[in-house]
Each structure stands twice: as structure tokens, then as C-alpha cells.
Amino acid sequence: MLKCKDVVAKADALVDGAPMTMRERFAMRMHLLMCHHCRRYVRQLRALLSNLPRETDDLDDARTQEILDKLNIPQDR
């Protein structure tokens with residue numbers, strides 16, 4: 001049986017549809033059936049990802065730095 005921290009660690013893979021073994025997917029589904037907190041977390045993650053703007057073009061270094069500056073994140077070089 002998965003614990004909540006395991007579900008949180010793998011929730012992005014579930015939401016993105018990343019490859020998971022049948023056993024992992026089954027364990028996630030079983031936990032989500034029983035845990036309303038994790039169901040809410042996955043639902044919120046799906047809502048967040050569906051509402052984020054997506055960059056469709058490849059980003060050059062200048063555009064990447066512009067986005068990082070808006071987020072106040074220093075870029076490691």
C-alpha cells in the first residue's frame with residue numbers, strides 16, 4: 001500500500017500520463033480511492049497544469065532568462 005508521500009512523488013507522472021507499470025498505476029488508483037486528501041491534491045495538480053500557459057516554440061537563452069527574471073530565479077551557468 002502506498003503512503004501519501006509516495007502518491008505526491010508520483011502524482012506528476014500520473015497526471016502527465018508518463019509510463020508507469022501496471023502495478024504502480026493500480027497502487028496509485030487504490031490509494032486515491034481511499035484517500036480524499038490525495039484525490040484533492042491530484043485534482044488540484046490537474047487543474048493547475050491545465051491552466052498554465054504553454055510555450056509552443058523552442059526557447060532561446062534570452063527568452064529563458066527573461067522568464068527566469070520574471071520569476072526571480074537566478075540561472076546557474
# chains A, B, ... in the order shown; residues from 1 in each chain; ligands from 1
call {"tool": "residues_around", "arguments": {"residues": "region 2-15 of chain A", "least_positions_apart": "3", "cutoff": "8 Å", "atoms": "only C-alpha atoms", "output": "PDB file with N, CA and C atoms, in the first residue's frame"}}
result
ATOM      1  N   ALA A  18       2.701   9.773 -17.929  1.00  0.00           N
ATOM      2  CA  ALA A  18       4.022   9.174 -18.126  1.00  0.00           C
ATOM      3  C   ALA A  18       3.922   7.661 -17.933  1.00  0.00           C
ATOM      4  N   PRO A  19       4.833   6.931 -18.563  1.00  0.00           N
ATOM      5  CA  PRO A  19       4.787   5.465 -18.430  1.00  0.00           C
ATOM      6  C   PRO A  19       4.947   5.022 -16.976  1.00  0.00           C
ATOM      7  N   MET A  20       4.024   4.198 -16.545  1.00  0.00           N
ATOM      8  CA  MET A  20       4.067   3.587 -15.218  1.00  0.00           C
ATOM      9  C   MET A  20       3.743   2.116 -15.407  1.00  0.00           C
ATOM     10  N   ARG A  25       0.432   1.899 -11.333  1.00  0.00           N
ATOM     11  CA  ARG A  25      -0.832   2.580 -11.641  1.00  0.00           C
ATOM     12  C   ARG A  25      -1.962   2.032 -10.755  1.00  0.00           C
ATOM     13  N   ALA A  27      -1.637   0.630  -7.759  1.00  0.00           N
ATOM     14  CA  ALA A  27      -1.399   1.087  -6.384  1.00  0.00           C
ATOM     15  C   ALA A  27      -1.822   2.543  -6.216  1.00  0.00           C
ATOM     16  N   MET A  28      -1.536   3.359  -7.222  1.00  0.00           N
ATOM     17  CA  MET A  28      -1.951   4.768  -7.158  1.00  0.00           C
ATOM     18  C   MET A  28      -3.476   4.872  -7.119  1.00  0.00           C
ATOM     19  N   HIS A  31      -4.915   3.809  -3.750  1.00  0.00           N
ATOM     20  CA  HIS A  31      -4.701   4.812  -2.714  1.00  0.00           C
ATOM     21  C   HIS A  31      -5.660   5.983  -2.923  1.00  0.00           C
ATOM     22  N   CYS A  38      -5.320  12.964  -0.995  1.00  0.00           N
ATOM     23  CA  CYS A  38      -4.524  12.753  -2.208  1.00  0.00           C
ATOM     24  C   CYS A  38      -5.367  12.962  -3.461  1.00  0.00           C
ATOM     25  N   TYR A  41      -5.367  16.556  -3.961  1.00  0.00           N
ATOM     26  CA  TYR A  41      -4.059  17.001  -4.443  1.00  0.00           C
ATOM     27  C   TYR A  41      -3.922  16.748  -5.946  1.00  0.00           C
ATOM     28  N   VAL A  42      -4.275  15.556  -6.392  1.00  0.00           N
ATOM     29  CA  VAL A  42      -4.167  15.218  -7.816  1.00  0.00           C
ATOM     30  C   VAL A  42      -5.128  16.080  -8.632  1.00  0.00           C
ATOM     31  N   LEU A  45      -3.593  19.477  -8.907  1.00  0.00           N
ATOM     32  CA  LEU A  45      -2.451  19.434  -9.817  1.00  0.00           C
ATOM     33  C   LEU A  45      -2.920  19.427 -11.269  1.00  0.00           C
ATOM     34  N   ARG A  46      -3.952  18.645 -11.557  1.00  0.00           N
ATOM     35  CA  ARG A  46      -4.505  18.631 -12.917  1.00  0.00           C
ATOM     36  C   ARG A  46      -5.056  19.996 -13.303  1.00  0.00           C
TER      37      ARG A  46
END
call {"tool": "select_by_dssp", "arguments": {"residues": "chain A", "states": "alpha helix (DSSP H)", "output": "JSON, numbers by chain"}}
result
{"A": [4, 5, 6, 7, 8, 9, 10, 11, 12, 13, 14, 15, 16, 22, 23, 24, 25, 26, 27, 28, 29, 30, 31, 32, 33, 34, 36, 37, 38, 39, 40, 41, 42, 43, 44, 45, 46, 47, 48, 49, 50, 51, 61, 62, 63, 64, 65, 66, 67, 68, 69, 70, 71]}
call {"tool": "closest_residue", "arguments": {"among": "A:Met1, A:Asn72, A:Ala47, A:Asp58", "to": "Arg29 (chain A)", "atoms": "only C-alpha atoms"}}
result
A:Met1
call {"tool": "atom_distance", "arguments": {"atom1": "CA of Leu32 (chain A)", "atom2": "CA of Gln44 (chain A)"}}
result
13.4 Å
call {"tool": "closest_residue", "arguments": {"among": "A:Thr21, A:Asp16, A:Phe26, A:Ile67", "to": "Leu49 (chain A)", "atoms": "only C-alpha atoms"}}
result
A:Asp16
